[in-house]
Amino acid sequence: MQVRAPNGQSLTVDGNPQPFIGGWAYLIWAHGPTGGIRFQVTPAGSAELVSKQMGDWPRYTVREAQWNGGRIMSLEDPESGGTNMVWVGPHNEVSTFINGTGVPFEAFMDVLAKFDIQDTPEGLTMLPRTGSDMSLGNLLAVNTIDQVCNVQVKPVADASEAIPRSAGKRVRGGSMWRVDERDAAGTVQTRSVFMVNDTTATTVVAARPDDARFVGVVESIACRLS
């Protein structure tokens, strides 16, 4: 499969023996003169669906407005004193968390207006407009193979400090290292692998440490950014 990441790169993932449960979700930071902003880019409707599944929706104060070919939702949480602002397009959505409630729609619109947002079935891109003084970085792509594992992909340049000095095992997706977290009795509680190639650093976290299907994914999946 090939999808488009928010920074305009193409993410190619193949070799997974089991299908992903849905579209890719992304975290990406935008950096500018006043600091950094973290955005989530997910399939359209995700924020509302997840909030309802988690039981958070009833306590939100929800406001909506139309903007830029989609709609903006303000999900105010009186318990946390924060607001999740979401732009929902035809295929994907962009959201960010803002401290405080009563946040005007214009505050979010002004931020989004600094980017050229293109929403397509292949993915959403949000490239900084000329003169915006914004740049994108710290990309993380996430997806899940149901009941088997979670897959997290980032550019290899963003993971240089995390790459072990020891030689990893060669698998289809690159060099691989296994990471087990054990309890006091030595029982494996969490099992993951870290894979690195020339473009990506991928972490695959097993749903169950002893699942043989996890091994199949690790030995066959390959992720690349171009």
# chains A, B, ... in the order shown; residues from 1 in each chain; ligands from 1

$ select_by_dssp --residues "range 19-99 of chain A" --states "helix (DSSP H, G or I)" --output "VMD selection string"
chain A and resid 46 to 54 57 to 59

$ write_last_selection --atoms "N, CA, C and O atoms" --output "CSV table (one decimal), in the first residue's frame"
chain,number,residue,atom,x,y,z
A,46,SER,N,-12.8,10.6,12.8
A,46,SER,CA,-12.1,9.8,13.9
A,46,SER,C,-12.3,10.4,15.3
A,46,SER,O,-12.5,9.7,16.3
A,47,ALA,N,-12.1,11.8,15.4
A,47,ALA,CA,-12.2,12.4,16.7
A,47,ALA,C,-13.6,12.2,17.3
A,47,ALA,O,-13.7,11.8,18.5
A,48,GLU,N,-14.6,12.3,16.6
A,48,GLU,CA,-16.0,12.1,17.1
A,48,GLU,C,-16.2,10.6,17.5
A,48,GLU,O,-16.7,10.3,18.5
A,49,LEU,N,-15.8,9.7,16.6
A,49,LEU,CA,-16.0,8.3,16.8
A,49,LEU,C,-15.2,7.8,18.0
A,49,LEU,O,-15.8,7.1,18.9
A,50,VAL,N,-14.0,8.2,18.2
A,50,VAL,CA,-13.2,7.8,19.3
A,50,VAL,C,-13.7,8.3,20.6
A,50,VAL,O,-13.8,7.7,21.6
A,51,SER,N,-14.1,9.6,20.6
A,51,SER,CA,-14.7,10.2,21.8
A,51,SER,C,-16.0,9.5,22.3
A,51,SER,O,-16.2,9.3,23.5
A,52,LYS,N,-16.8,9.1,21.3
A,52,LYS,CA,-18.0,8.3,21.7
A,52,LYS,C,-17.7,6.9,22.2
A,52,LYS,O,-18.3,6.5,23.1
A,53,GLN,N,-16.7,6.3,21.5
A,53,GLN,CA,-16.3,4.9,22.0
A,53,GLN,C,-15.7,5.0,23.4
A,53,GLN,O,-15.9,4.0,24.2
A,54,MET,N,-15.0,6.0,23.7
A,54,MET,CA,-14.3,6.2,25.0
A,54,MET,C,-15.3,6.7,26.1
A,54,MET,O,-14.9,6.8,27.3
A,57,TRP,N,-17.7,11.8,24.9
A,57,TRP,CA,-18.6,12.7,24.1
A,57,TRP,C,-19.6,13.4,24.9
A,57,TRP,O,-19.8,14.6,24.8
A,58,PRO,N,-20.4,12.7,25.8
A,58,PRO,CA,-21.4,13.4,26.6
A,58,PRO,C,-21.0,14.6,27.4
A,58,PRO,O,-21.8,15.5,27.6
A,59,ARG,N,-19.8,14.7,27.8
A,59,ARG,CA,-19.3,15.8,28.6
A,59,ARG,C,-18.8,17.0,27.8
A,59,ARG,O,-18.5,18.0,28.4

$ residues_around --residues "Ile21 in chain A" --least-positions-apart "6" --cutoff "6 Å" --atoms "only C-alpha atoms" --output "number ranges by chain"
A: 144-146

$ write_last_selection --atoms "all heavy atoms" --output "mmCIF file, in the first residue's frame"
data_model
loop_
_atom_site.group_PDB
_atom_site.id
_atom_site.type_symbol
_atom_site.label_atom_id
_atom_site.label_comp_id
_atom_site.auth_asym_id
_atom_site.auth_seq_id
_atom_site.Cartn_x
_atom_site.Cartn_y
_atom_site.Cartn_z
ATOM 1 N N THR A 144 -2.740 -0.217 12.886
ATOM 2 C CA THR A 144 -2.900 -1.406 13.724
ATOM 3 C C THR A 144 -3.344 -2.598 12.885
ATOM 4 O O THR A 144 -4.206 -2.458 12.014
ATOM 5 C CB THR A 144 -3.950 -1.152 14.827
ATOM 6 O OG1 THR A 144 -3.509 -0.070 15.657
ATOM 7 C CG2 THR A 144 -4.155 -2.392 15.686
ATOM 8 N N ILE A 145 -2.732 -3.735 13.140
ATOM 9 C CA ILE A 145 -3.225 -5.006 12.622
ATOM 10 C C ILE A 145 -4.014 -5.641 13.759
ATOM 11 O O ILE A 145 -3.465 -5.920 14.824
ATOM 12 C CB ILE A 145 -2.072 -5.912 12.160
ATOM 13 C CG1 ILE A 145 -1.316 -5.241 11.010
ATOM 14 C CG2 ILE A 145 -2.589 -7.278 11.730
ATOM 15 C CD1 ILE A 145 -0.089 -6.009 10.534
ATOM 16 N N ASP A 146 -5.296 -5.825 13.553
ATOM 17 C CA ASP A 146 -6.235 -6.187 14.621
ATOM 18 C C ASP A 146 -5.777 -7.391 15.426
ATOM 19 O O ASP A 146 -5.498 -8.461 14.876
ATOM 20 C CB ASP A 146 -7.615 -6.460 14.008
ATOM 21 C CG ASP A 146 -8.698 -6.585 15.068
ATOM 22 O OD1 ASP A 146 -8.542 -5.972 16.146
ATOM 23 O OD2 ASP A 146 -9.694 -7.292 14.818
#

$ select_by_dssp --residues "range 24-226 of chain A" --states "strand (DSSP E)" --output "PyMOL selection string"
chain A and resi 25-32+35-43+61-67+70-77+82-88+92-99+115-120+123-128+135-145+149-155+169-171+174-182+188-196+200-206+222-225

$ closest_residue --among "A:Gly137, A:Pro19, A:Gly168, A:Pro78" --to "Pro155 in chain A" --atoms "only C-alpha atoms"
A:Gly137

$ atom_distance --atom1 "CA of Gly173 in chain A" --atom2 "CA of Val218 in chain A"
8.0 Å

$ residues_around --residues "Leu75 in chain A" --least-positions-apart "6" --cutoff "7 Å" --atoms "only C-alpha atoms" --output "PDB file with all heavy atoms, in the first residue's frame"
ATOM      1  N   TYR A  60     -18.613  16.763  26.521  1.00  0.00           N
ATOM      2  CA  TYR A  60     -18.087  17.824  25.675  1.00  0.00           C
ATOM      3  C   TYR A  60     -19.162  18.864  25.344  1.00  0.00           C
ATOM      4  O   TYR A  60     -20.331  18.529  25.157  1.00  0.00           O
ATOM      5  CB  TYR A  60     -17.548  17.267  24.359  1.00  0.00           C
ATOM      6  CG  TYR A  60     -16.259  16.479  24.469  1.00  0.00           C
ATOM      7  CD1 TYR A  60     -15.862  15.613  23.454  1.00  0.00           C
ATOM      8  CD2 TYR A  60     -15.421  16.613  25.561  1.00  0.00           C
ATOM      9  CE1 TYR A  60     -14.688  14.890  23.535  1.00  0.00           C
ATOM     10  CE2 TYR A  60     -14.248  15.893  25.662  1.00  0.00           C
ATOM     11  CZ  TYR A  60     -13.879  15.036  24.644  1.00  0.00           C
ATOM     12  OH  TYR A  60     -12.718  14.328  24.739  1.00  0.00           O
ATOM     13  N   THR A  61     -18.730  20.093  25.246  1.00  0.00           N
ATOM     14  CA  THR A  61     -19.542  21.136  24.623  1.00  0.00           C
ATOM     15  C   THR A  61     -19.094  21.226  23.172  1.00  0.00           C
ATOM     16  O   THR A  61     -17.933  21.529  22.890  1.00  0.00           O
ATOM     17  CB  THR A  61     -19.343  22.490  25.320  1.00  0.00           C
ATOM     18  OG1 THR A  61     -19.730  22.377  26.697  1.00  0.00           O
ATOM     19  CG2 THR A  61     -20.172  23.574  24.638  1.00  0.00           C
ATOM     20  N   VAL A  62     -20.003  20.922  22.246  1.00  0.00           N
ATOM     21  CA  VAL A  62     -19.644  20.806  20.832  1.00  0.00           C
ATOM     22  C   VAL A  62     -20.191  21.992  20.048  1.00  0.00           C
ATOM     23  O   VAL A  62     -21.379  22.305  20.130  1.00  0.00           O
ATOM     24  CB  VAL A  62     -20.188  19.484  20.237  1.00  0.00           C
ATOM     25  CG1 VAL A  62     -19.792  19.357  18.766  1.00  0.00           C
ATOM     26  CG2 VAL A  62     -19.686  18.294  21.042  1.00  0.00           C
ATOM     27  N   ARG A  63     -19.315  22.653  19.312  1.00  0.00           N
ATOM     28  CA  ARG A  63     -19.713  23.727  18.401  1.00  0.00           C
ATOM     29  C   ARG A  63     -19.173  23.406  17.016  1.00  0.00           C
ATOM     30  O   ARG A  63     -18.140  22.740  16.891  1.00  0.00           O
ATOM     31  CB  ARG A  63     -19.177  25.074  18.870  1.00  0.00           C
ATOM     32  CG  ARG A  63     -19.713  25.538  20.217  1.00  0.00           C
ATOM     33  CD  ARG A  63     -19.164  26.909  20.592  1.00  0.00           C
ATOM     34  NE  ARG A  63     -17.736  26.875  20.811  1.00  0.00           N
ATOM     35  CZ  ARG A  63     -16.861  27.709  20.237  1.00  0.00           C
ATOM     36  NH1 ARG A  63     -17.292  28.636  19.382  1.00  0.00           N
ATOM     37  NH2 ARG A  63     -15.581  27.625  20.505  1.00  0.00           N
ATOM     38  N   THR A  83      -9.614  22.272  24.877  1.00  0.00           N
ATOM     39  CA  THR A  83     -10.470  22.160  23.703  1.00  0.00           C
ATOM     40  C   THR A  83      -9.728  21.444  22.586  1.00  0.00           C
ATOM     41  O   THR A  83      -8.587  21.813  22.256  1.00  0.00           O
ATOM     42  CB  THR A  83     -10.902  23.554  23.198  1.00  0.00           C
ATOM     43  OG1 THR A  83     -11.573  24.243  24.257  1.00  0.00           O
ATOM     44  CG2 THR A  83     -11.827  23.433  22.000  1.00  0.00           C
ATOM     45  N   ASN A  84     -10.370  20.447  22.005  1.00  0.00           N
ATOM     46  CA  ASN A  84      -9.841  19.805  20.809  1.00  0.00           C
ATOM     47  C   ASN A  84     -10.507  20.461  19.605  1.00  0.00           C
ATOM     48  O   ASN A  84     -11.727  20.414  19.457  1.00  0.00           O
ATOM     49  CB  ASN A  84     -10.135  18.303  20.832  1.00  0.00           C
ATOM     50  CG  ASN A  84      -9.284  17.524  19.853  1.00  0.00           C
ATOM     51  OD1 ASN A  84      -8.163  17.922  19.548  1.00  0.00           O
ATOM     52  ND2 ASN A  84      -9.790  16.417  19.355  1.00  0.00           N
ATOM     53  N   MET A  85      -9.694  21.111  18.761  1.00  0.00           N
ATOM     54  CA  MET A  85     -10.196  21.774  17.566  1.00  0.00           C
ATOM     55  C   MET A  85      -9.942  20.857  16.372  1.00  0.00           C
ATOM     56  O   MET A  85      -8.816  20.376  16.187  1.00  0.00           O
ATOM     57  CB  MET A  85      -9.518  23.120  17.355  1.00  0.00           C
ATOM     58  CG  MET A  85      -9.702  24.099  18.502  1.00  0.00           C
ATOM     59  SD  MET A  85     -11.416  24.673  18.712  1.00  0.00           S
ATOM     60  CE  MET A  85     -11.631  25.722  17.274  1.00  0.00           C
TER      61      MET A  85
END

$ residues_around --residues "range 32-43 of chain A" --least-positions-apart "6" --cutoff "6 Å" --atoms "only C-alpha atoms" --output "list in words"
Ala25, Tyr26, Asn92, Glu93, Val94, Ser95, Thr96, Asp133 and Met134 of chain A

$ write_last_selection --atoms "N, CA, C and O atoms" --output "short mmCIF file (atom, residue, chain, number, x, y, z; two decimals), in the first residue's frame"
data_model
loop_
_atom_site.label_atom_id
_atom_site.label_comp_id
_atom_site.auth_asym_id
_atom_site.auth_seq_id
_atom_site.Cartn_x
_atom_site.Cartn_y
_atom_site.Cartn_z
N ALA A 25 -3.03 6.99 10.82
CA ALA A 25 -3.11 8.19 11.62
C ALA A 25 -1.70 8.77 11.75
O ALA A 25 -0.72 8.02 11.80
N TYR A 26 -1.61 10.09 11.80
CA TYR A 26 -0.31 10.74 11.85
C TYR A 26 -0.26 11.77 12.98
O TYR A 26 -1.26 12.43 13.28
N ASN A 92 -10.27 13.18 5.26
CA ASN A 92 -9.41 13.17 6.45
C ASN A 92 -9.71 14.38 7.32
O ASN A 92 -10.46 15.28 6.92
N GLU A 93 -9.13 14.38 8.50
CA GLU A 93 -9.31 15.52 9.39
C GLU A 93 -7.99 15.90 10.06
O GLU A 93 -7.07 15.06 10.18
N VAL A 94 -7.91 17.16 10.48
CA VAL A 94 -6.75 17.70 11.17
C VAL A 94 -7.22 18.24 12.51
O VAL A 94 -8.20 18.98 12.57
N SER A 95 -6.51 17.86 13.58
CA SER A 95 -6.93 18.35 14.90
C SER A 95 -5.72 18.77 15.72
O SER A 95 -4.59 18.34 15.46
N THR A 96 -5.98 19.62 16.70
CA THR A 96 -4.96 20.01 17.66
C THR A 96 -5.63 20.36 18.97
O THR A 96 -6.80 20.75 19.00
N ASP A 133 6.47 31.29 7.46
CA ASP A 133 7.54 31.04 8.45
C ASP A 133 7.29 29.77 9.24
O ASP A 133 7.75 29.63 10.38
N MET A 134 6.55 28.81 8.66
CA MET A 134 6.29 27.54 9.31
C MET A 134 7.09 26.44 8.63
O MET A 134 7.40 26.50 7.44
#

$ residues_around --residues "range 198-201 of chain A" --least-positions-apart "6" --cutoff "12 Å" --atoms "only C-alpha atoms" --output "PyMOL selection string"
chain A and resi 9-13+139-141+151-164+173-177+222-226

$ atom_distance --atom1 "CA of Ile98 in chain A" --atom2 "CA of Gly82 in chain A"
5.8 Å

$ closest_residue --among "A:Leu136, A:Gly23, A:Gln18, A:Lys114" --to "Val215 in chain A" --atoms "only C-alpha atoms"
A:Gln18

$ closest_residue --among "A:Thr125, A:Gly100, A:Ala113, A:Ala107" --to "Asn68 in chain A" --atoms "only C-alpha atoms"
A:Ala113

$ residues_around --residues "Arg182 in chain A" --least-positions-apart "4" --cutoff "12 Å" --atoms "only C-alpha atoms" --output "list of chain:residue names"
A:Gly186, A:Thr187, A:Val188, A:Gln189, A:Thr190, A:Arg191, A:Ser192, A:Pro209
